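Chemist: Dumping the structure here so I can ask a few things about it.
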Amino acid sequence: MCGRYATTTNPGRLAAELDAVDETDLDNPDETVSYNVAPTSQVLTVVERHEHDHPDDDPRLRIRRMRWGLIPHWTKAAEPGVPAKGKPLFNARADKIVTAPSFRDSAKSKRCLVPMDGWYEWLVEPAPTGKGKAVKKPFFMSHADGSQIYMAGLWSVWRDRSKPDAQPLMSCTILTTDAVGELARIHDRMPLPMPREHWEAWLDPDHPAPAELLGGPAADEVANIVARPVSTLVNNVRNNGPELLVPDEEAGQTTLL
């Protein structure tokens with residue numbers, strides 16, 4: 001699964017790197033930088049859409065800011081302009097998205113990429129004495145060279161039908177798959193990385209994604225992703241700084257990797 005991650009890029013840099021349109025309209029672009037992104041946060045996504053006024057033109061990559069935790073378009077309003085609370089849909093099983101009611105509409109034409117530096121996962125070990133609570137050790141998974149990872153995601157647009165002039169709410173979820181290779185020693189699930197050569201097919205708003213893109217990566221495709229133990233500071237979402245990514249040498253002595 002993926003319940004926390006880190007991202008240190010801003011929409012302007014991301015748009016320049018991808019030759020995309022920045023649609024975030026932020027006064028302070030760096031407010032999207034976070035070392036401890038948690039569900040319900042506003043996050044950056046990459047989508048491919050046609051121009052509203054020129055639907056026959058080729059679609060373009062666009063950087064959008066969305067709520068992490070998908071809100072299906074059919075969700076009822078709890079009060080004017082506010083969607084009713086439901087399950088925290090920040091993850092979606094890749095093998096279920098074409099049939100699950102919460103995701104199947106988005107899977108047809110609203111697929112996205114979620115850029116990140118890496119994600120956190122917790123290794124659960126028995127209590128050292130054999131009694132008491134299990135010990136949870138946080139790890140940070142990232143490319144060995146520090147390059148950006150783009151995870152497969154879905155997005156949705158929610159509108160309060162009783163307030164047609166209200167601003168629509170965009171939200172997203174990150175797809176997960178079975179963990180492979182050494183990553184499976186930390187957790188049995190992992191976010192689904194989307195290699196650049198598959199972006200065109202994955203983001204295409206006019207056609208469904210090929211089924212093979214949902215099958216999960218081969219071990220050699222994630223061989224350049226390394227897992228390193230980090231401080232338990234990440235356990236508290238209020239902690240948010242580069243110190244969260246500093247390797248925990250003491251924890252590293254007991255890692256399974």
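Please note that chains go A, B, ... in the order of the structure tokens, that every chain numbers its residues from 1, and that ligands are numbered from 1 in the order shown.
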Do you have, as a Markdown table, the list of residues of segment 43-133 of chain A lying at most 7 Å from segment 139-153 of chain A, each with its nearest atom pair and that distance in Å to one decimal, counting only C-alpha atoms and ordered by chain then number?

Modeler:
```
| residue | atom | partner | partner_atom | distance |
| --- | --- | --- | --- | --- |
| A:Arg111 | CA | A:Gly153 | CA | 5.8 |
| A:Cys112 | CA | A:Gly153 | CA | 4.9 |
| A:Leu113 | CA | A:Ala152 | CA | 4.9 |
| A:Val114 | CA | A:Met151 | CA | 5.0 |
| A:Pro115 | CA | A:Tyr150 | CA | 4.4 |
| A:Met116 | CA | A:Ile149 | CA | 5.4 |
| A:Asp117 | CA | A:Gln148 | CA | 5.1 |
| A:Gly118 | CA | A:Ser142 | CA | 4.3 |
| A:Trp119 | CA | A:Met141 | CA | 5.3 |
| A:Tyr120 | CA | A:Phe140 | CA | 4.6 |
| A:Glu121 | CA | A:Phe139 | CA | 5.3 |
| A:Trp122 | CA | A:Phe139 | CA | 6.0 |
```

Chemist: Can you write out as JSON lines which residues of segment 159-250 of chain A fall within 10 Å of segment 85-106 of chain A, alongside each residue's closest atom pair and its distance in Å to one decimal, counting only C-alpha atoms and ordering rows by chain and ascending residue number?

Modeler:
```
{"residue": "A:Ser171", "atom": "CA", "partner": "A:Phe90", "partner_atom": "CA", "distance": 9.3}
{"residue": "A:Cys172", "atom": "CA", "partner": "A:Phe90", "partner_atom": "CA", "distance": 7.1}
{"residue": "A:Thr173", "atom": "CA", "partner": "A:Phe90", "partner_atom": "CA", "distance": 4.6}
{"residue": "A:Ile174", "atom": "CA", "partner": "A:Asn91", "partner_atom": "CA", "distance": 4.8}
{"residue": "A:Leu175", "atom": "CA", "partner": "A:Ala92", "partner_atom": "CA", "distance": 4.7}
{"residue": "A:Thr176", "atom": "CA", "partner": "A:Arg93", "partner_atom": "CA", "distance": 5.1}
{"residue": "A:Thr177", "atom": "CA", "partner": "A:Ala94", "partner_atom": "CA", "distance": 5.9}
{"residue": "A:Asp178", "atom": "CA", "partner": "A:Arg93", "partner_atom": "CA", "distance": 9.1}
{"residue": "A:Arg189", "atom": "CA", "partner": "A:Arg93", "partner_atom": "CA", "distance": 9.4}
{"residue": "A:Met190", "atom": "CA", "partner": "A:Arg93", "partner_atom": "CA", "distance": 9.9}
{"residue": "A:Pro191", "atom": "CA", "partner": "A:Asn91", "partner_atom": "CA", "distance": 8.3}
{"residue": "A:Leu192", "atom": "CA", "partner": "A:Ala94", "partner_atom": "CA", "distance": 7.8}
{"residue": "A:Pro208", "atom": "CA", "partner": "A:Val98", "partner_atom": "CA", "distance": 9.7}
{"residue": "A:Ala211", "atom": "CA", "partner": "A:Asp95", "partner_atom": "CA", "distance": 9.1}
{"residue": "A:Leu213", "atom": "CA", "partner": "A:Ala94", "partner_atom": "CA", "distance": 9.0}
{"residue": "A:Leu214", "atom": "CA", "partner": "A:Ala94", "partner_atom": "CA", "distance": 5.5}
{"residue": "A:Gly215", "atom": "CA", "partner": "A:Asp95", "partner_atom": "CA", "distance": 7.1}
{"residue": "A:Gly216", "atom": "CA", "partner": "A:Ala94", "partner_atom": "CA", "distance": 8.0}
```

Chemist: Go ahead and dump the residues you just picked, C-alpha atoms, as a tab-separated table (two decimals), in the first residue's frame.

Modeler:
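As written to disk, selection_35.tsv reads:
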```tsv
chain	number	residue	atom	x	y	z
A	171	SER	CA	-9.35	14.15	-6.27
A	172	CYS	CA	-7.09	11.20	-6.97
A	173	THR	CA	-5.98	7.78	-5.77
A	174	ILE	CA	-2.73	5.85	-6.18
A	175	LEU	CA	-2.86	2.34	-7.61
A	176	THR	CA	-1.20	-0.49	-5.70
A	177	THR	CA	-0.02	-3.93	-6.68
A	178	ASP	CA	1.78	-6.92	-5.18
A	189	ARG	CA	1.87	-4.23	-1.36
A	190	MET	CA	3.48	-1.32	-3.19
A	191	PRO	CA	2.36	1.59	-5.39
A	192	LEU	CA	2.34	0.79	-9.11
A	208	PRO	CA	-9.01	2.49	-22.05
A	211	ALA	CA	-4.86	-4.53	-19.36
A	213	LEU	CA	-0.34	-2.13	-17.61
A	214	LEU	CA	-2.28	-3.21	-14.53
A	215	GLY	CA	-0.39	-6.46	-14.05
A	216	GLY	CA	2.37	-5.06	-11.85
```

Chemist: Given only C-alpha atoms as the basis, pick out the residue of A:Leu154, A:Ala78, A:Leu70, A:Ile186 nearest to Ala227 of chain A.

Modeler: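 Using only C-alpha atoms, Ala227 of chain A sits closest to A:Ile186.
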
Chemist: Write out as a list of chain:residue names each polymer residue whose atoms come within 7 Å of segment 48-61 of chain A, counting only C-alpha atoms; drop sequence neighbours fewer than 6 positions from it.

Modeler: A:Ala20, A:Val21, A:Leu203, A:Asp204, A:Pro205

Chemist: When distances are computed from only C-alpha atoms, which of A:Asp160, A:Asp22, A:Leu14, A:Arg67 shows the smallest separation from Ala84 of chain A?

Modeler: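 Ranking A:Asp160, A:Asp22, A:Leu14, A:Arg67 by distance to Ala84 of chain A, first place goes to A:Asp160.
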
Chemist: Have a look at A:Gly81, A:Pro242, A:Pro39, A:Pro138 and name the one nearest to Asp165 of chain A; count only C-alpha atoms.

Modeler: A:Gly81

Chemist: Enumerate, as a CSV table (one decimal) with C-alpha atoms, in the first residue's frame, the complete set of residues in segment 67-254 of chain A that a backbone-based DSSP assignment places in strand (DSSP E).

Modeler:
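Now in part27.csv:
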```
chain,number,residue,atom,x,y,z
A,67,ARG,CA,-7.0,16.0,-3.1
A,68,TRP,CA,-5.3,12.7,-2.3
A,77,ALA,CA,-23.3,16.1,-0.7
A,78,ALA,CA,-23.3,16.2,3.1
A,79,GLU,CA,-24.0,19.9,3.0
A,82,VAL,CA,-19.2,19.4,0.8
A,83,PRO,CA,-19.1,15.8,-0.2
A,91,ASN,CA,-5.2,3.6,-2.7
A,92,ALA,CA,-6.9,1.4,-5.3
A,93,ARG,CA,-5.9,-2.2,-6.1
A,111,ARG,CA,-6.0,8.1,-15.3
A,112,CYS,CA,-3.1,10.0,-14.0
A,113,LEU,CA,0.4,9.9,-12.8
A,114,VAL,CA,1.4,10.9,-9.2
A,115,PRO,CA,5.1,12.1,-9.1
A,116,MET,CA,7.1,11.4,-6.0
A,118,GLY,CA,9.7,8.0,-2.9
A,119,TRP,CA,7.2,6.4,-0.5
A,120,TYR,CA,7.3,5.2,3.1
A,121,GLU,CA,6.4,1.8,4.3
A,122,TRP,CA,6.6,0.1,7.7
A,123,LEU,CA,8.2,-3.2,8.4
A,124,VAL,CA,6.4,-5.0,11.2
A,125,GLU,CA,8.6,-7.1,13.5
A,135,VAL,CA,7.7,-3.0,16.4
A,136,LYS,CA,7.0,-1.0,13.3
A,137,LYS,CA,10.2,0.3,11.5
A,138,PRO,CA,9.7,2.9,8.8
A,139,PHE,CA,11.5,2.6,5.5
A,140,PHE,CA,11.8,5.0,2.5
A,141,MET,CA,11.7,3.5,-1.0
A,142,SER,CA,13.2,5.6,-3.8
A,143,HIS,CA,15.3,5.4,-6.9
A,149,ILE,CA,9.1,8.1,-9.6
A,150,TYR,CA,5.8,8.3,-11.4
A,151,MET,CA,3.0,6.2,-9.9
A,152,ALA,CA,-0.2,5.1,-11.7
A,153,GLY,CA,-3.3,6.8,-10.4
A,154,LEU,CA,-6.9,7.6,-11.1
A,155,TRP,CA,-8.8,10.9,-10.7
A,156,SER,CA,-12.3,12.2,-10.5
A,157,VAL,CA,-14.3,15.4,-10.5
A,158,TRP,CA,-17.0,15.9,-7.9
A,169,LEU,CA,-13.4,19.2,-6.5
A,170,MET,CA,-10.7,17.1,-8.2
A,171,SER,CA,-9.4,14.1,-6.3
A,172,CYS,CA,-7.1,11.2,-7.0
A,173,THR,CA,-6.0,7.8,-5.8
A,174,ILE,CA,-2.7,5.8,-6.2
A,175,LEU,CA,-2.9,2.3,-7.6
A,176,THR,CA,-1.2,-0.5,-5.7
A,177,THR,CA,0.0,-3.9,-6.7
A,178,ASP,CA,1.8,-6.9,-5.2
A,189,ARG,CA,1.9,-4.2,-1.4
A,190,MET,CA,3.5,-1.3,-3.2
A,191,PRO,CA,2.4,1.6,-5.4
A,225,ILE,CA,14.4,1.1,-6.2
A,226,VAL,CA,16.2,0.9,-2.8
A,227,ALA,CA,14.7,0.7,0.6
A,228,ARG,CA,16.5,2.4,3.5
A,229,PRO,CA,15.4,2.6,7.2
```

Chemist: Please indicate the distance in Å from atom CA of Ala166 of chain A to atom CA of Pro72 of chain A, rounded to one decimal place.

Modeler: 16.9 Å
